[in-house]
>>> print(open('upload_24.cif').read())   # mmCIF, N, CA and C atoms and all ligand atoms
data_coords
loop_
_atom_site.label_atom_id
_atom_site.label_comp_id
_atom_site.auth_asym_id
_atom_site.auth_seq_id
_atom_site.Cartn_x
_atom_site.Cartn_y
_atom_site.Cartn_z
N MET A 15 -21.30 10.34 5.69
CA MET A 15 -21.20 11.22 6.83
C MET A 15 -22.01 10.64 7.99
N THR A 16 -21.46 10.66 9.18
CA THR A 16 -22.13 10.12 10.34
C THR A 16 -23.23 11.07 10.80
N LYS A 17 -24.39 10.50 11.11
CA LYS A 17 -25.51 11.30 11.58
C LYS A 17 -25.32 11.62 13.06
N ILE A 18 -25.31 12.88 13.41
CA ILE A 18 -25.20 13.29 14.81
C ILE A 18 -26.48 14.03 15.17
N CYS A 19 -27.19 13.53 16.12
CA CYS A 19 -28.40 14.19 16.61
C CYS A 19 -28.46 13.99 18.10
N LYS A 20 -28.24 15.05 18.85
CA LYS A 20 -28.21 14.93 20.31
C LYS A 20 -29.57 14.56 20.87
N ARG A 21 -30.63 14.98 20.20
CA ARG A 21 -31.97 14.74 20.72
C ARG A 21 -32.59 13.45 20.19
N CYS A 22 -31.81 12.59 19.59
CA CYS A 22 -32.33 11.34 19.08
C CYS A 22 -32.17 10.22 20.10
N LEU A 23 -33.06 9.26 19.99
CA LEU A 23 -32.92 8.03 20.75
C LEU A 23 -31.95 7.13 19.99
N LEU A 24 -31.44 6.12 20.68
CA LEU A 24 -30.47 5.24 20.02
C LEU A 24 -31.08 4.58 18.80
N LYS A 25 -32.37 4.23 18.86
CA LYS A 25 -33.02 3.58 17.71
C LYS A 25 -33.05 4.48 16.48
N ASP A 26 -32.97 5.80 16.70
CA ASP A 26 -32.97 6.74 15.58
C ASP A 26 -31.58 6.91 14.99
N LEU A 27 -30.55 6.53 15.74
CA LEU A 27 -29.17 6.75 15.31
C LEU A 27 -28.56 5.54 14.64
N SER A 28 -28.69 4.40 15.28
CA SER A 28 -28.03 3.20 14.76
C SER A 28 -28.84 1.98 15.16
N TYR A 29 -29.45 1.32 14.17
CA TYR A 29 -30.25 0.15 14.52
C TYR A 29 -29.38 -0.96 15.09
N GLU A 30 -28.15 -1.08 14.61
CA GLU A 30 -27.25 -2.13 15.12
C GLU A 30 -26.97 -1.93 16.60
N GLN A 31 -26.67 -0.70 17.00
CA GLN A 31 -26.43 -0.43 18.41
C GLN A 31 -27.71 -0.56 19.22
N TYR A 32 -28.83 -0.12 18.64
CA TYR A 32 -30.12 -0.23 19.33
C TYR A 32 -30.43 -1.69 19.62
N GLU A 33 -30.20 -2.53 18.62
CA GLU A 33 -30.47 -3.95 18.79
C GLU A 33 -29.52 -4.55 19.83
N ALA A 34 -28.22 -4.22 19.73
CA ALA A 34 -27.22 -4.80 20.62
C ALA A 34 -27.38 -4.34 22.06
N ILE A 35 -27.69 -3.08 22.25
CA ILE A 35 -27.74 -2.53 23.61
C ILE A 35 -29.14 -2.55 24.17
N ILE A 36 -30.09 -1.97 23.46
CA ILE A 36 -31.44 -1.78 24.01
C ILE A 36 -32.26 -3.07 23.92
N LEU A 37 -32.42 -3.60 22.73
CA LEU A 37 -33.29 -4.77 22.59
C LEU A 37 -32.74 -5.96 23.37
N ASN A 38 -31.44 -6.20 23.28
CA ASN A 38 -30.86 -7.31 24.04
C ASN A 38 -30.93 -7.05 25.54
N GLY A 39 -30.75 -5.79 25.93
CA GLY A 39 -30.84 -5.44 27.35
C GLY A 39 -32.25 -5.66 27.88
N LEU A 40 -33.26 -5.23 27.12
CA LEU A 40 -34.65 -5.40 27.55
C LEU A 40 -35.03 -6.87 27.59
N GLU A 41 -34.52 -7.63 26.64
CA GLU A 41 -34.83 -9.06 26.59
C GLU A 41 -34.32 -9.79 27.84
N ALA A 42 -33.23 -9.29 28.39
CA ALA A 42 -32.62 -9.94 29.56
C ALA A 42 -33.36 -9.61 30.86
N LEU A 43 -34.23 -8.62 30.82
CA LEU A 43 -34.93 -8.20 32.05
C LEU A 43 -36.22 -9.01 32.24
N PRO A 44 -36.61 -9.22 33.50
CA PRO A 44 -37.88 -9.91 33.75
C PRO A 44 -39.04 -9.11 33.16
N LYS A 45 -39.94 -9.77 32.46
CA LYS A 45 -41.07 -9.09 31.80
C LYS A 45 -41.94 -8.33 32.80
N GLU A 46 -42.04 -8.85 34.03
CA GLU A 46 -42.88 -8.19 35.03
C GLU A 46 -42.30 -6.86 35.50
N ASP A 47 -41.03 -6.60 35.18
CA ASP A 47 -40.41 -5.33 35.55
C ASP A 47 -40.61 -4.24 34.50
N LEU A 48 -41.22 -4.60 33.38
CA LEU A 48 -41.33 -3.65 32.26
C LEU A 48 -42.70 -2.99 32.19
N THR A 49 -42.72 -1.74 31.77
CA THR A 49 -43.99 -1.03 31.55
C THR A 49 -44.62 -1.54 30.26
N ASP A 50 -45.87 -1.16 30.05
CA ASP A 50 -46.43 -1.45 28.73
C ASP A 50 -45.83 -0.45 27.74
N GLY A 51 -45.95 -0.74 26.49
CA GLY A 51 -45.28 0.07 25.46
C GLY A 51 -45.73 1.51 25.44
N SER A 52 -47.00 1.78 25.74
CA SER A 52 -47.49 3.16 25.64
C SER A 52 -46.88 4.05 26.73
N GLU A 53 -46.68 3.52 27.93
CA GLU A 53 -46.06 4.31 28.99
C GLU A 53 -44.59 4.59 28.65
N SER A 54 -43.92 3.59 28.16
CA SER A 54 -42.53 3.78 27.74
C SER A 54 -42.43 4.84 26.65
N GLN A 55 -43.33 4.78 25.69
CA GLN A 55 -43.32 5.75 24.60
C GLN A 55 -43.62 7.15 25.10
N ARG A 56 -44.56 7.28 26.04
CA ARG A 56 -44.88 8.60 26.62
C ARG A 56 -43.63 9.19 27.28
N ARG A 57 -42.93 8.39 28.03
CA ARG A 57 -41.72 8.86 28.70
C ARG A 57 -40.66 9.29 27.69
N LEU A 58 -40.49 8.49 26.65
CA LEU A 58 -39.45 8.81 25.67
C LEU A 58 -39.76 10.08 24.89
N GLU A 59 -41.04 10.38 24.71
CA GLU A 59 -41.40 11.64 24.06
C GLU A 59 -40.94 12.82 24.91
N VAL A 60 -41.01 12.68 26.24
CA VAL A 60 -40.52 13.72 27.14
C VAL A 60 -39.00 13.83 27.01
N CYS A 61 -38.32 12.71 27.01
CA CYS A 61 -36.85 12.71 26.86
C CYS A 61 -36.43 13.40 25.57
N LYS A 62 -37.17 13.16 24.50
CA LYS A 62 -36.78 13.72 23.20
C LYS A 62 -36.88 15.24 23.18
N GLU A 63 -37.60 15.81 24.13
CA GLU A 63 -37.70 17.28 24.23
C GLU A 63 -36.74 17.84 25.29
N CYS A 64 -35.98 16.97 25.92
CA CYS A 64 -35.16 17.37 27.06
C CYS A 64 -33.74 17.73 26.61
N GLU A 65 -33.23 18.80 27.17
CA GLU A 65 -31.87 19.25 26.84
C GLU A 65 -30.79 18.31 27.38
N ARG A 66 -31.17 17.39 28.24
CA ARG A 66 -30.18 16.46 28.80
C ARG A 66 -30.07 15.16 28.01
N LEU A 67 -30.90 14.99 27.01
CA LEU A 67 -30.76 13.80 26.16
C LEU A 67 -29.59 14.01 25.21
N ASN A 68 -28.68 13.06 25.16
CA ASN A 68 -27.53 13.15 24.28
C ASN A 68 -27.29 11.80 23.63
N GLN A 69 -27.73 11.67 22.38
CA GLN A 69 -27.53 10.46 21.59
C GLN A 69 -27.99 9.20 22.33
N GLY A 70 -29.18 9.29 22.88
CA GLY A 70 -29.79 8.12 23.51
C GLY A 70 -29.46 7.95 24.98
N THR A 71 -28.56 8.77 25.50
CA THR A 71 -28.26 8.66 26.93
C THR A 71 -28.69 9.93 27.64
N CYS A 72 -28.96 9.78 28.92
CA CYS A 72 -29.35 10.91 29.77
C CYS A 72 -28.09 11.48 30.42
N LEU A 73 -27.83 12.75 30.20
CA LEU A 73 -26.63 13.36 30.78
C LEU A 73 -26.75 13.54 32.29
N ALA A 74 -27.94 13.43 32.82
CA ALA A 74 -28.12 13.56 34.26
C ALA A 74 -27.69 12.31 35.01
N CYS A 75 -27.86 11.16 34.39
CA CYS A 75 -27.55 9.91 35.12
C CYS A 75 -26.71 8.94 34.30
N GLY A 76 -26.57 9.16 33.02
CA GLY A 76 -25.73 8.29 32.19
C GLY A 76 -26.43 7.06 31.65
N CYS A 77 -27.72 6.93 31.93
CA CYS A 77 -28.42 5.72 31.49
C CYS A 77 -28.80 5.82 30.01
N PHE A 78 -29.11 4.67 29.42
CA PHE A 78 -29.78 4.66 28.13
C PHE A 78 -31.26 4.86 28.43
N VAL A 79 -31.81 5.96 27.96
CA VAL A 79 -33.18 6.29 28.34
C VAL A 79 -34.20 5.26 27.85
N GLU A 80 -33.90 4.58 26.75
CA GLU A 80 -34.86 3.59 26.23
C GLU A 80 -34.98 2.38 27.18
N ILE A 81 -33.96 2.13 27.96
CA ILE A 81 -34.05 1.07 28.96
C ILE A 81 -34.72 1.61 30.21
N ARG A 82 -34.27 2.76 30.68
CA ARG A 82 -34.86 3.34 31.89
C ARG A 82 -36.37 3.55 31.72
N ALA A 83 -36.77 4.08 30.57
CA ALA A 83 -38.19 4.38 30.33
C ALA A 83 -39.04 3.11 30.28
N ALA A 84 -38.42 2.00 29.97
CA ALA A 84 -39.17 0.74 29.86
C ALA A 84 -39.38 0.06 31.20
N LEU A 85 -38.67 0.51 32.23
CA LEU A 85 -38.77 -0.13 33.54
C LEU A 85 -39.87 0.48 34.39
N LYS A 86 -40.69 -0.36 35.00
CA LYS A 86 -41.74 0.16 35.89
C LYS A 86 -41.14 1.05 36.97
N LYS A 87 -40.00 0.66 37.50
CA LYS A 87 -39.37 1.45 38.57
C LYS A 87 -38.48 2.56 38.03
N GLY A 88 -38.40 2.69 36.70
CA GLY A 88 -37.58 3.72 36.10
C GLY A 88 -38.11 5.11 36.45
N ARG A 89 -37.21 6.02 36.77
CA ARG A 89 -37.59 7.39 37.11
C ARG A 89 -36.65 8.36 36.39
N CYS A 90 -37.20 9.48 35.99
CA CYS A 90 -36.38 10.56 35.47
C CYS A 90 -35.71 11.24 36.66
N PRO A 91 -34.39 11.46 36.63
CA PRO A 91 -33.72 12.11 37.74
C PRO A 91 -34.19 13.55 37.98
N TYR A 92 -34.84 14.14 37.00
CA TYR A 92 -35.38 15.49 37.14
C TYR A 92 -36.91 15.48 37.25
N ASN A 93 -37.45 14.32 37.54
CA ASN A 93 -38.91 14.18 37.76
C ASN A 93 -39.75 14.69 36.60
N LYS A 94 -39.24 14.52 35.38
CA LYS A 94 -40.04 14.93 34.23
C LYS A 94 -41.05 13.84 33.86
N TRP A 95 -40.80 12.64 34.31
CA TRP A 95 -41.77 11.55 34.16
C TRP A 95 -41.56 10.57 35.30
S1 LIG B 101 -34.53 10.89 31.93
FE1 LIG B 101 -35.24 12.96 32.47
S2 LIG B 101 -33.38 14.26 32.56
FE2 LIG B 101 -32.86 12.36 31.47
S3 LIG B 101 -33.17 12.85 29.29
FE3 LIG B 101 -35.08 11.94 30.02
S4 LIG B 101 -36.36 13.67 30.64
FE4 LIG B 101 -34.23 14.40 30.50
#
>>> encode(input="upload_24.cif", output="structure tokens", more="lines below")
Ligand code: SF4
Amino acid sequence: MTKICKRCLLKDLSYEQYEAIILNGLEALPKEDLTDGSESQRRLEVCKECERLNQGTCLACGCFVEIRAALKKGRCPYNKW
């Protein structure tokens, strides 16, 4: 049975997709554009409590939150972080 969890991050749903989309996406970005891990994690904890998180994407903007949260210039469209 397929696991469906709207409030999960992609890494919680499918490691293969997480690796293909998130890890490879982050690897392609300049390191100077990325936050440190603790700031990214703080942001993602907020996303995990948000009603707009849907299987790793933000329903407000359509982004993969794990990429947006890792970017220094990343912003929540609802100013939650
Ligand atoms: S980026 Fe903002 S609106 Fe989108 S899921 Fe995260 S907290 Fe919610």
>>> closest_residue(input="upload_24.cif", among="A:Val79, A:Cys72, A:Cys19, A:Leu85", to="A:Tyr32", atoms="only C-alpha atoms")
A:Val79
>>> residues_near_ligand(input="upload_24.cif", ligand="ligand LIG 101 (chain B)", cutoff="7 Å", atoms="only N, CA and C atoms and all ligand atoms", output="ChimeraX atom specification")
/A:57-58,60-68,71-75,79,89-95
>>> write_last_selection(input="upload_24.cif", atoms="N, CA and C atoms", output="compact mmCIF listing (two decimals), keeping the file's coordinate frame")
# COMPACT_ATOMS: atom_id res chain seq x y z
N ARG A 57 -42.93 8.39 28.03
CA ARG A 57 -41.72 8.86 28.70
C ARG A 57 -40.66 9.29 27.69
N LEU A 58 -40.49 8.49 26.65
CA LEU A 58 -39.45 8.81 25.67
C LEU A 58 -39.76 10.08 24.89
N VAL A 60 -41.01 12.68 26.24
CA VAL A 60 -40.52 13.72 27.14
C VAL A 60 -39.00 13.83 27.01
N CYS A 61 -38.32 12.71 27.01
CA CYS A 61 -36.85 12.71 26.86
C CYS A 61 -36.43 13.40 25.57
N LYS A 62 -37.17 13.16 24.50
CA LYS A 62 -36.78 13.72 23.20
C LYS A 62 -36.88 15.24 23.18
N GLU A 63 -37.60 15.81 24.13
CA GLU A 63 -37.70 17.28 24.23
C GLU A 63 -36.74 17.84 25.29
N CYS A 64 -35.98 16.97 25.92
CA CYS A 64 -35.16 17.37 27.06
C CYS A 64 -33.74 17.73 26.61
N GLU A 65 -33.23 18.80 27.17
CA GLU A 65 -31.87 19.25 26.84
C GLU A 65 -30.79 18.31 27.38
N ARG A 66 -31.17 17.39 28.24
CA ARG A 66 -30.18 16.46 28.80
C ARG A 66 -30.07 15.16 28.01
N LEU A 67 -30.90 14.99 27.01
CA LEU A 67 -30.76 13.80 26.16
C LEU A 67 -29.59 14.01 25.21
N ASN A 68 -28.68 13.06 25.16
CA ASN A 68 -27.53 13.15 24.28
C ASN A 68 -27.29 11.80 23.63
N THR A 71 -28.56 8.77 25.50
CA THR A 71 -28.26 8.66 26.93
C THR A 71 -28.69 9.93 27.64
N CYS A 72 -28.96 9.78 28.92
CA CYS A 72 -29.35 10.91 29.77
C CYS A 72 -28.09 11.48 30.42
N LEU A 73 -27.83 12.75 30.20
CA LEU A 73 -26.63 13.36 30.78
C LEU A 73 -26.75 13.54 32.29
N ALA A 74 -27.94 13.43 32.82
CA ALA A 74 -28.12 13.56 34.26
C ALA A 74 -27.69 12.31 35.01
N CYS A 75 -27.86 11.16 34.39
CA CYS A 75 -27.55 9.91 35.12
C CYS A 75 -26.71 8.94 34.30
N VAL A 79 -31.81 5.96 27.96
CA VAL A 79 -33.18 6.29 28.34
C VAL A 79 -34.20 5.26 27.85
N ARG A 89 -37.21 6.02 36.77
CA ARG A 89 -37.59 7.39 37.11
C ARG A 89 -36.65 8.36 36.39
N CYS A 90 -37.20 9.48 35.99
CA CYS A 90 -36.38 10.56 35.47
C CYS A 90 -35.71 11.24 36.66
N PRO A 91 -34.39 11.46 36.63
CA PRO A 91 -33.72 12.11 37.74
C PRO A 91 -34.19 13.55 37.98
N TYR A 92 -34.84 14.14 37.00
CA TYR A 92 -35.38 15.49 37.14
C TYR A 92 -36.91 15.48 37.25
N ASN A 93 -37.45 14.32 37.54
CA ASN A 93 -38.91 14.18 37.76
C ASN A 93 -39.75 14.69 36.60
N LYS A 94 -39.24 14.52 35.38
CA LYS A 94 -40.04 14.93 34.23
C LYS A 94 -41.05 13.84 33.86
N TRP A 95 -40.80 12.64 34.31
CA TRP A 95 -41.77 11.55 34.16
C TRP A 95 -41.56 10.57 35.30
>>> axis_aligned_box(input="upload_24.cif", around="stretch 53-66 of chain A", padding_each_side="6 Å", output="lines of an AutoDock Vina configuration file")
center_x = -38.4
center_y = 11.4
center_z = 26.1
size_x = 28.6
size_y = 27.7
size_z = 17.8
>>> select_by_dssp(input="upload_24.cif", residues="chain A", states="helix (DSSP H, G or I)", output="short mmCIF file (atom, residue, chain, number, x, y, z; two decimals) with N, CA and C atoms, in the coordinates of the input")
data_model
loop_
_atom_site.label_atom_id
_atom_site.label_comp_id
_atom_site.auth_asym_id
_atom_site.auth_seq_id
_atom_site.Cartn_x
_atom_site.Cartn_y
_atom_site.Cartn_z
N LEU A 24 -31.44 6.12 20.68
CA LEU A 24 -30.47 5.24 20.02
C LEU A 24 -31.08 4.58 18.80
N LYS A 25 -32.37 4.23 18.86
CA LYS A 25 -33.02 3.58 17.71
C LYS A 25 -33.05 4.48 16.48
N ASP A 26 -32.97 5.80 16.70
CA ASP A 26 -32.97 6.74 15.58
C ASP A 26 -31.58 6.91 14.99
N LEU A 27 -30.55 6.53 15.74
CA LEU A 27 -29.17 6.75 15.31
C LEU A 27 -28.56 5.54 14.64
N TYR A 29 -29.45 1.32 14.17
CA TYR A 29 -30.25 0.15 14.52
C TYR A 29 -29.38 -0.96 15.09
N GLU A 30 -28.15 -1.08 14.61
CA GLU A 30 -27.25 -2.13 15.12
C GLU A 30 -26.97 -1.93 16.60
N GLN A 31 -26.67 -0.70 17.00
CA GLN A 31 -26.43 -0.43 18.41
C GLN A 31 -27.71 -0.56 19.22
N TYR A 32 -28.83 -0.12 18.64
CA TYR A 32 -30.12 -0.23 19.33
C TYR A 32 -30.43 -1.69 19.62
N GLU A 33 -30.20 -2.53 18.62
CA GLU A 33 -30.47 -3.95 18.79
C GLU A 33 -29.52 -4.55 19.83
N ALA A 34 -28.22 -4.22 19.73
CA ALA A 34 -27.22 -4.80 20.62
C ALA A 34 -27.38 -4.34 22.06
N ILE A 35 -27.69 -3.08 22.25
CA ILE A 35 -27.74 -2.53 23.61
C ILE A 35 -29.14 -2.55 24.17
N ILE A 36 -30.09 -1.97 23.46
CA ILE A 36 -31.44 -1.78 24.01
C ILE A 36 -32.26 -3.07 23.92
N LEU A 37 -32.42 -3.60 22.73
CA LEU A 37 -33.29 -4.77 22.59
C LEU A 37 -32.74 -5.96 23.37
N ASN A 38 -31.44 -6.20 23.28
CA ASN A 38 -30.86 -7.31 24.04
C ASN A 38 -30.93 -7.05 25.54
N GLY A 39 -30.75 -5.79 25.93
CA GLY A 39 -30.84 -5.44 27.35
C GLY A 39 -32.25 -5.66 27.88
N LEU A 40 -33.26 -5.23 27.12
CA LEU A 40 -34.65 -5.40 27.55
C LEU A 40 -35.03 -6.87 27.59
N GLU A 41 -34.52 -7.63 26.64
CA GLU A 41 -34.83 -9.06 26.59
C GLU A 41 -34.32 -9.79 27.84
N LYS A 45 -39.94 -9.77 32.46
CA LYS A 45 -41.07 -9.09 31.80
C LYS A 45 -41.94 -8.33 32.80
N GLU A 46 -42.04 -8.85 34.03
CA GLU A 46 -42.88 -8.19 35.03
C GLU A 46 -42.30 -6.86 35.50
N ASP A 47 -41.03 -6.60 35.18
CA ASP A 47 -40.41 -5.33 35.55
C ASP A 47 -40.61 -4.24 34.50
N GLY A 51 -45.95 -0.74 26.49
CA GLY A 51 -45.28 0.07 25.46
C GLY A 51 -45.73 1.51 25.44
N SER A 52 -47.00 1.78 25.74
CA SER A 52 -47.49 3.16 25.64
C SER A 52 -46.88 4.05 26.73
N GLU A 53 -46.68 3.52 27.93
CA GLU A 53 -46.06 4.31 28.99
C GLU A 53 -44.59 4.59 28.65
N SER A 54 -43.92 3.59 28.16
CA SER A 54 -42.53 3.78 27.74
C SER A 54 -42.43 4.84 26.65
N GLN A 55 -43.33 4.78 25.69
CA GLN A 55 -43.32 5.75 24.60
C GLN A 55 -43.62 7.15 25.10
N ARG A 56 -44.56 7.28 26.04
CA ARG A 56 -44.88 8.60 26.62
C ARG A 56 -43.63 9.19 27.28
N ARG A 57 -42.93 8.39 28.03
CA ARG A 57 -41.72 8.86 28.70
C ARG A 57 -40.66 9.29 27.69
N LEU A 58 -40.49 8.49 26.65
CA LEU A 58 -39.45 8.81 25.67
C LEU A 58 -39.76 10.08 24.89
N GLU A 59 -41.04 10.38 24.71
CA GLU A 59 -41.40 11.64 24.06
C GLU A 59 -40.94 12.82 24.91
N VAL A 60 -41.01 12.68 26.24
CA VAL A 60 -40.52 13.72 27.14
C VAL A 60 -39.00 13.83 27.01
N CYS A 61 -38.32 12.71 27.01
CA CYS A 61 -36.85 12.71 26.86
C CYS A 61 -36.43 13.40 25.57
N LYS A 62 -37.17 13.16 24.50
CA LYS A 62 -36.78 13.72 23.20
C LYS A 62 -36.88 15.24 23.18
N VAL A 79 -31.81 5.96 27.96
CA VAL A 79 -33.18 6.29 28.34
C VAL A 79 -34.20 5.26 27.85
N GLU A 80 -33.90 4.58 26.75
CA GLU A 80 -34.86 3.59 26.23
C GLU A 80 -34.98 2.38 27.18
N ILE A 81 -33.96 2.13 27.96
CA ILE A 81 -34.05 1.07 28.96
C ILE A 81 -34.72 1.61 30.21
N ARG A 82 -34.27 2.76 30.68
CA ARG A 82 -34.86 3.34 31.89
C ARG A 82 -36.37 3.55 31.72
#
>>> residues_around(input="upload_24.cif", residues="A:Ser54", least_positions_apart="4", cutoff="7 Å", atoms="only N, CA and C atoms", output="PyMOL selection string")
chain A and resi 49-50+58-59+83-85
>>> atom_distance(input="upload_24.cif", atom1="atom C of A:Phe78", atom2="atom C of A:Arg56")
13.2 Å
>>> atom_distance(input="upload_24.cif", atom1="atom CA of A:Ala34", atom2="atom CA of A:Cys77")
15.2 Å
>>> residues_around(input="upload_24.cif", residues="A:Leu23", least_positions_apart="2", cutoff="6 Å", atoms="only N, CA and C atoms", output="MDAnalysis selection string")
chainID A and resid 21 25:27 69:70
>>> closest_residue(input="upload_24.cif", among="A:Ile36, A:Gln31, A:Lys20, A:Glu41", to="A:Glu80", atoms="only C-alpha atoms")
A:Ile36
>>> atom_distance(input="upload_24.cif", atom1="atom CA of A:Leu40", atom2="atom C of A:Ile18")
24.4 Å
>>> closest_residue(input="upload_24.cif", among="A:Cys22, A:Gly51, A:Ile81, A:Gly76", to="A:Gly39", atoms="all atoms listed in the file")
A:Ile81
